[in-house]
$ cat entry-v6.tsv   # TSV, C-alpha atoms
chain	number	residue	atom	x	y	z
A	87	MET	CA	52.20	124.05	-9.96
A	88	LYS	CA	50.30	121.01	-11.23
A	89	THR	CA	52.10	121.24	-14.58
A	90	LEU	CA	55.44	121.38	-12.78
A	91	LEU	CA	54.51	118.32	-10.69
A	92	LYS	CA	53.45	116.35	-13.77
A	93	THR	CA	56.67	117.28	-15.52
A	94	SER	CA	58.69	116.17	-12.49
A	95	ILE	CA	56.88	112.81	-12.33
A	96	LEU	CA	57.33	112.28	-16.07
A	97	LEU	CA	61.05	113.03	-15.82
A	98	SER	CA	61.35	110.58	-12.92
A	99	PHE	CA	59.71	107.80	-14.94
A	100	CYS	CA	61.96	108.58	-17.91
A	101	LEU	CA	65.03	108.47	-15.68
A	102	ILE	CA	63.99	105.11	-14.20
A	103	ALA	CA	63.33	103.68	-17.65
A	104	LEU	CA	66.63	105.00	-18.98
A	105	THR	CA	68.52	103.62	-15.98
A	106	SER	CA	67.00	100.15	-16.37
A	107	MET	CA	67.86	100.16	-20.07
A	108	THR	CA	71.41	101.36	-19.49
A	109	PHE	CA	72.26	98.81	-16.82
A	110	LYS	CA	70.72	95.71	-18.35
A	111	PRO	CA	73.61	93.23	-18.32
A	112	LYS	CA	74.74	91.57	-21.53
A	113	ARG	CA	73.64	87.92	-21.33
A	114	ILE	CA	76.15	85.42	-22.75
A	115	ILE	CA	75.32	81.73	-23.07
A	116	PHE	CA	78.01	79.12	-23.69
A	117	PHE	CA	76.24	76.31	-25.52
A	118	GLY	CA	77.87	72.91	-25.87
A	119	ASP	CA	78.75	69.45	-24.59
A	120	SER	CA	80.62	68.10	-21.52
A	121	ILE	CA	83.57	70.43	-22.09
A	122	THR	CA	81.21	73.35	-21.51
A	123	GLN	CA	79.34	71.48	-18.75
A	124	GLN	CA	82.66	71.15	-16.91
A	125	GLY	CA	83.44	74.73	-17.87
A	126	VAL	CA	81.20	75.99	-15.07
A	127	SER	CA	83.28	74.21	-12.41
A	128	LYS	CA	85.64	76.13	-10.12
A	129	ASN	CA	88.49	76.44	-12.63
A	130	GLY	CA	86.42	75.89	-15.79
A	131	TYR	CA	86.66	78.20	-18.77
A	132	VAL	CA	83.12	79.56	-18.34
A	133	THR	CA	83.84	80.39	-14.69
A	134	LEU	CA	87.14	82.04	-15.60
A	135	ILE	CA	85.42	84.22	-18.18
A	136	LYS	CA	82.67	85.08	-15.71
A	137	LYS	CA	85.25	86.15	-13.12
A	138	SER	CA	87.02	88.33	-15.70
A	139	LEU	CA	83.87	90.30	-16.54
A	140	ASP	CA	82.03	92.92	-14.52
A	141	SER	CA	79.00	91.13	-13.05
A	142	THR	CA	76.94	94.32	-13.27
A	143	LYS	CA	77.52	94.43	-17.02
A	144	TYR	CA	77.58	90.74	-17.98
A	145	ASP	CA	75.37	87.76	-17.16
A	146	VAL	CA	77.32	84.59	-18.03
A	147	ILE	CA	75.53	81.23	-18.33
A	148	GLY	CA	76.91	77.78	-19.12
A	149	ALA	CA	74.55	75.47	-21.02
A	150	GLY	CA	76.62	72.35	-21.62
A	151	ILE	CA	75.42	68.73	-21.40
A	152	GLY	CA	77.73	65.73	-21.54
A	153	GLY	CA	77.57	63.60	-24.67
A	154	ASN	CA	75.76	66.24	-26.71
A	155	LYS	CA	76.21	66.46	-30.46
A	156	VAL	CA	75.06	69.23	-32.76
A	157	TYR	CA	71.52	67.86	-33.17
A	158	ASP	CA	71.15	67.57	-29.37
A	159	LEU	CA	71.89	71.28	-29.19
A	160	TYR	CA	69.30	71.91	-31.87
A	161	LEU	CA	66.65	69.96	-29.94
A	162	ARG	CA	67.21	71.87	-26.69
A	163	LEU	CA	67.91	75.26	-28.24
A	164	GLU	CA	64.51	76.70	-27.40
A	165	ASP	CA	64.49	75.74	-23.71
A	166	ASP	CA	68.15	76.17	-22.83
A	167	VAL	CA	69.04	79.20	-24.93
A	168	LEU	CA	66.35	81.15	-26.77
A	169	ASN	CA	63.89	81.31	-23.86
A	170	LYS	CA	66.63	82.96	-21.78
A	171	LYS	CA	66.86	85.83	-24.29
A	172	PRO	CA	70.65	85.92	-24.72
A	173	ASP	CA	72.51	88.79	-26.31
A	174	LEU	CA	75.28	86.44	-27.43
A	175	VAL	CA	75.57	82.66	-27.85
A	176	VAL	CA	78.90	80.84	-28.10
A	177	ILE	CA	78.47	77.50	-29.90
A	178	TYR	CA	81.16	74.96	-29.00
A	179	VAL	CA	80.22	71.51	-30.30
A	180	GLY	CA	81.76	68.88	-32.55
A	181	ILE	CA	83.96	66.61	-30.47
A	182	ASN	CA	81.22	64.01	-29.89
A	183	ASP	CA	80.00	64.30	-33.48
A	184	VAL	CA	83.43	63.01	-34.55
A	185	TRP	CA	84.46	60.89	-31.53
A	186	HIS	CA	81.21	58.91	-31.28
A	187	LYS	CA	81.47	57.82	-34.89
A	188	GLN	CA	84.38	55.70	-33.73
A	189	SER	CA	83.46	54.87	-30.13
A	190	SER	CA	79.75	54.04	-30.46
A	191	HIS	CA	78.88	54.56	-34.14
A	192	THR	CA	76.45	57.34	-33.16
A	193	GLY	CA	78.40	60.34	-34.45
A	194	THR	CA	77.19	62.85	-37.00
A	195	ASP	CA	78.01	62.70	-40.69
A	196	TYR	CA	79.82	65.78	-41.95
A	197	ASP	CA	77.00	67.09	-44.18
A	198	LYS	CA	74.41	66.70	-41.41
A	199	TYR	CA	76.75	68.33	-38.93
A	200	LEU	CA	77.01	71.46	-41.05
A	201	LYS	CA	73.26	71.56	-41.75
A	202	PHE	CA	72.36	71.35	-38.07
A	203	TYR	CA	75.05	73.90	-37.23
A	204	GLN	CA	73.69	76.34	-39.83
A	205	ALA	CA	70.18	75.76	-38.45
A	206	LEU	CA	71.44	76.72	-34.97
A	207	ILE	CA	72.93	79.92	-36.36
A	208	ASN	CA	69.72	80.78	-38.21
A	209	LYS	CA	67.49	80.29	-35.17
A	210	ILE	CA	69.76	82.21	-32.81
A	211	GLN	CA	70.14	85.12	-35.21
A	212	GLY	CA	66.40	84.96	-35.88
A	213	VAL	CA	65.68	86.21	-32.35
A	214	GLY	CA	68.26	88.97	-32.64
A	215	SER	CA	71.10	87.33	-30.72
A	216	LYS	CA	74.72	87.41	-31.85
A	217	VAL	CA	76.76	84.24	-32.39
A	218	VAL	CA	80.38	83.21	-31.90
A	219	LEU	CA	81.57	79.91	-33.41
A	220	VAL	CA	84.20	77.59	-31.93
A	221	THR	CA	86.04	74.83	-33.79
A	222	PRO	CA	86.34	71.41	-32.10
A	223	SER	CA	89.65	71.10	-30.27
A	224	VAL	CA	91.18	67.65	-29.78
A	225	VAL	CA	90.64	63.96	-29.20
A	226	GLY	CA	94.22	63.18	-28.27
A	227	GLU	CA	97.11	65.62	-27.93
A	228	LYS	CA	99.83	64.06	-30.09
A	229	LYS	CA	101.39	66.39	-32.62
A	230	ASP	CA	101.59	66.47	-36.40
A	231	GLY	CA	98.25	64.84	-37.18
A	232	THR	CA	99.09	61.53	-35.52
A	233	ASN	CA	95.96	61.19	-33.35
A	234	GLU	CA	93.49	58.70	-34.75
A	235	LEU	CA	90.70	61.24	-35.31
A	236	ASP	CA	92.79	64.20	-36.47
A	237	THR	CA	91.72	63.92	-40.10
A	238	ASP	CA	88.02	64.08	-39.25
A	239	LEU	CA	88.51	66.83	-36.68
A	240	ASN	CA	90.42	68.91	-39.21
A	241	LYS	CA	87.62	68.43	-41.72
A	242	TYR	CA	84.88	69.41	-39.26
A	243	ALA	CA	86.91	72.38	-38.03
A	244	GLU	CA	87.35	73.57	-41.61
A	245	GLY	CA	83.57	73.29	-42.00
A	246	ILE	CA	83.09	75.64	-39.04
A	247	ARG	CA	85.57	78.10	-40.55
A	248	THR	CA	83.54	78.02	-43.76
A	249	LEU	CA	80.29	78.66	-41.85
A	250	ALA	CA	81.90	81.56	-40.00
A	251	ALA	CA	83.00	83.14	-43.28
A	252	LYS	CA	79.66	82.47	-44.97
A	253	ASN	CA	77.69	84.02	-42.11
A	254	ASN	CA	80.24	86.75	-41.36
A	255	LEU	CA	80.63	85.57	-37.75
A	256	PRO	CA	83.53	85.73	-35.30
A	257	ILE	CA	85.29	82.43	-34.67
A	258	CYS	CA	87.51	81.04	-31.95
A	259	ASP	CA	89.64	78.51	-33.83
A	260	LEU	CA	90.55	76.16	-30.98
A	261	ARG	CA	91.58	73.44	-33.42
A	262	LYS	CA	94.37	75.67	-34.71
A	263	ILE	CA	95.16	77.19	-31.31
A	264	PHE	CA	95.52	73.78	-29.64
A	265	ALA	CA	97.76	72.49	-32.45
A	266	GLU	CA	100.05	75.50	-32.11
A	267	TYR	CA	100.21	75.09	-28.33
A	268	GLU	CA	101.02	71.38	-28.57
A	269	ALA	CA	103.78	72.07	-31.10
A	270	LYS	CA	105.50	74.33	-28.58
A	271	ASN	CA	104.66	72.61	-25.29
A	272	ASN	CA	104.44	68.87	-25.94
A	273	PRO	CA	108.02	67.79	-26.73
A	274	GLU	CA	107.42	64.23	-25.53
A	275	ASP	CA	104.37	63.90	-27.81
A	276	ARG	CA	102.08	62.84	-24.98
A	277	GLU	CA	98.48	61.99	-25.84
A	278	LYS	CA	97.07	63.74	-22.75
A	279	GLY	CA	98.11	65.91	-19.83
A	280	ILE	CA	99.16	69.04	-21.70
A	281	LEU	CA	95.78	70.73	-22.19
A	282	THR	CA	93.47	67.82	-21.32
A	283	VAL	CA	93.05	65.31	-18.51
A	284	ASP	CA	91.86	62.46	-20.73
A	285	ARG	CA	92.63	63.47	-24.36
A	286	VAL	CA	89.38	65.50	-24.56
A	287	HIS	CA	88.29	67.30	-21.38
A	288	LEU	CA	90.27	70.33	-20.33
A	289	ASN	CA	92.73	70.51	-17.48
A	290	GLU	CA	93.47	73.76	-15.68
A	291	THR	CA	95.87	74.94	-18.41
A	292	GLY	CA	93.39	74.04	-21.14
A	293	ASN	CA	90.56	75.88	-19.45
A	294	LYS	CA	92.71	78.98	-19.05
A	295	LEU	CA	93.77	78.84	-22.70
A	296	VAL	CA	90.16	78.57	-23.88
A	297	ALA	CA	89.02	81.36	-21.55
A	298	ASP	CA	91.83	83.65	-22.73
A	299	GLN	CA	90.95	83.03	-26.38
A	300	LEU	CA	87.18	83.51	-25.95
A	301	LEU	CA	87.20	86.50	-23.63
A	302	PRO	CA	87.94	89.16	-26.29
A	303	LEU	CA	85.19	87.72	-28.51
A	304	VAL	CA	82.41	87.98	-25.91
A	305	LYS	CA	83.06	91.45	-24.48
$ encode --input "entry-v6.tsv" --output "structure tokens"
Amino acid sequence: MKTLLKTSILLSFCLIALTSMTFKPKRIIFFGDSITQQGVSKNGYVTLIKKSLDSTKYDVIGAGIGGNKVYDLYLRLEDDVLNKKPDLVVIYVGINDVWHKQSSHTGTDYDKYLKFYQALINKIQGVGSKVVLVTPSVVGEKKDGTNELDTDLNKYAEGIRTLAAKNNLPICDLRKIFAEYEAKNNPEDREKGILTVDRVHLNETGNKLVADQLLPLVK
């Protein structure tokens, strides 16, 4: 009888342990700048992704701070990402690294950008988390490379593609996706109002486009 009782208790503990392991939600952190900070708003891309996923299976967190560049992400990586033990981290940074070179002369040189980005990848993978990369989207929505910063953005986006290939990581190529969308949906060649409210930050359509592109990569 005692043996049977012990066996029953042991099986109960095993079942509890197995249940807790099985139902631990997948934690996804979206790591970036003001685009991601605004992404947690009512119609933001992070919120849209969160609503599309089963809350019992996924724990979705936005970790965006306005004005951040790649080295800002590196400096707050420990507190805002690694300490939260994510299963997956989506890195979406680069707009300010390019934009601020022009606006305030505090941007990030291309070589340093890639070094910091690779350091982020190394540290995140070092704790066993997976990584998804995102290319910088737009600073201005005019077509055919006519925005002032298009050349730099194309260069930095190509750098992210290279890092994705080098590290064998999935990538959401928003730079390419936005260009294709503008080609089809911006006949008047407007500089804002198609996917952004101000040439950079996403409007409702932009947030939905980003959410739709990222969703398959985070499931």
$ atom_distance --input "entry-v6.tsv" --atom1 "atom CA of A:Gln211" --atom2 "atom CA of A:Leu288"
29.1 Å
$ residues_around --input "entry-v6.tsv" --residues "A:Lys187" --least-positions-apart "5" --cutoff "12 Å" --atoms "only C-alpha atoms" --output "PyMOL selection string"
chain A and resi 155+180-182+192-196+235+238-239
$ closest_residue --input "entry-v6.tsv" --among "A:Ile207, A:Leu200, A:Val184, A:Leu134" --to "A:Asp298" --atoms "only C-alpha atoms"
A:Leu134
$ atom_distance --input "entry-v6.tsv" --atom1 "atom CA of A:Lys136" --atom2 "atom CA of A:Ile263"
21.5 Å
$ closest_residue --input "entry-v6.tsv" --among "A:Ala297, A:Ile280, A:Ile114, A:Ile135" --to "A:Lys170" --atoms "all atoms listed in the file"
A:Ile114
$ residues_around --input "entry-v6.tsv" --residues "A:Asn289" --least-positions-apart "5" --cutoff "9 Å" --atoms "all atoms listed in the file" --output "list in words"
Asn129, Gly130, Gly279, Ile280, Leu281, Thr282, Val283, Asp284 and Lys294 of chain A
$ closest_residue --input "entry-v6.tsv" --among "A:Leu163, A:Val225, A:Cys258, A:Leu303" --to "A:Val286" --atoms "all atoms listed in the file"
A:Val225
$ residues_around --input "entry-v6.tsv" --residues "A:Leu159" --least-positions-apart "2" --cutoff "12 Å" --atoms "all atoms listed in the file" --output "VMD selection string"
chain A and resid 116 to 119 149 to 157 161 to 168 176 to 180 182 to 183 199 202 to 207 209 to 210
$ residues_around --input "entry-v6.tsv" --residues "stretch 243-257 of chain A" --least-positions-apart "3" --cutoff "6 Å" --atoms "only C-alpha atoms" --output "short mmCIF file (atom, residue, chain, number, x, y, z; two decimals) with C-alpha atoms, in the frame of the given file"
data_model
loop_
_atom_site.label_atom_id
_atom_site.label_comp_id
_atom_site.auth_asym_id
_atom_site.auth_seq_id
_atom_site.Cartn_x
_atom_site.Cartn_y
_atom_site.Cartn_z
CA VAL A 218 80.38 83.21 -31.90
CA LEU A 219 81.57 79.91 -33.41
CA VAL A 220 84.20 77.59 -31.93
CA THR A 221 86.04 74.83 -33.79
CA LEU A 239 88.51 66.83 -36.68
CA ASN A 240 90.42 68.91 -39.21
#
$ atom_distance --input "entry-v6.tsv" --atom1 "atom CA of A:Phe109" --atom2 "atom CA of A:Val304"
17.4 Å
$ closest_residue --input "entry-v6.tsv" --among "A:Lys198, A:Lys228, A:Lys110, A:Arg285" --to "A:Ala265" --atoms "only C-alpha atoms"
A:Lys228
$ closest_residue --input "entry-v6.tsv" --among "A:Asp259, A:Glu277, A:Asp173, A:Asp197" --to "A:Glu227" --atoms "all atoms listed in the file"
A:Glu277
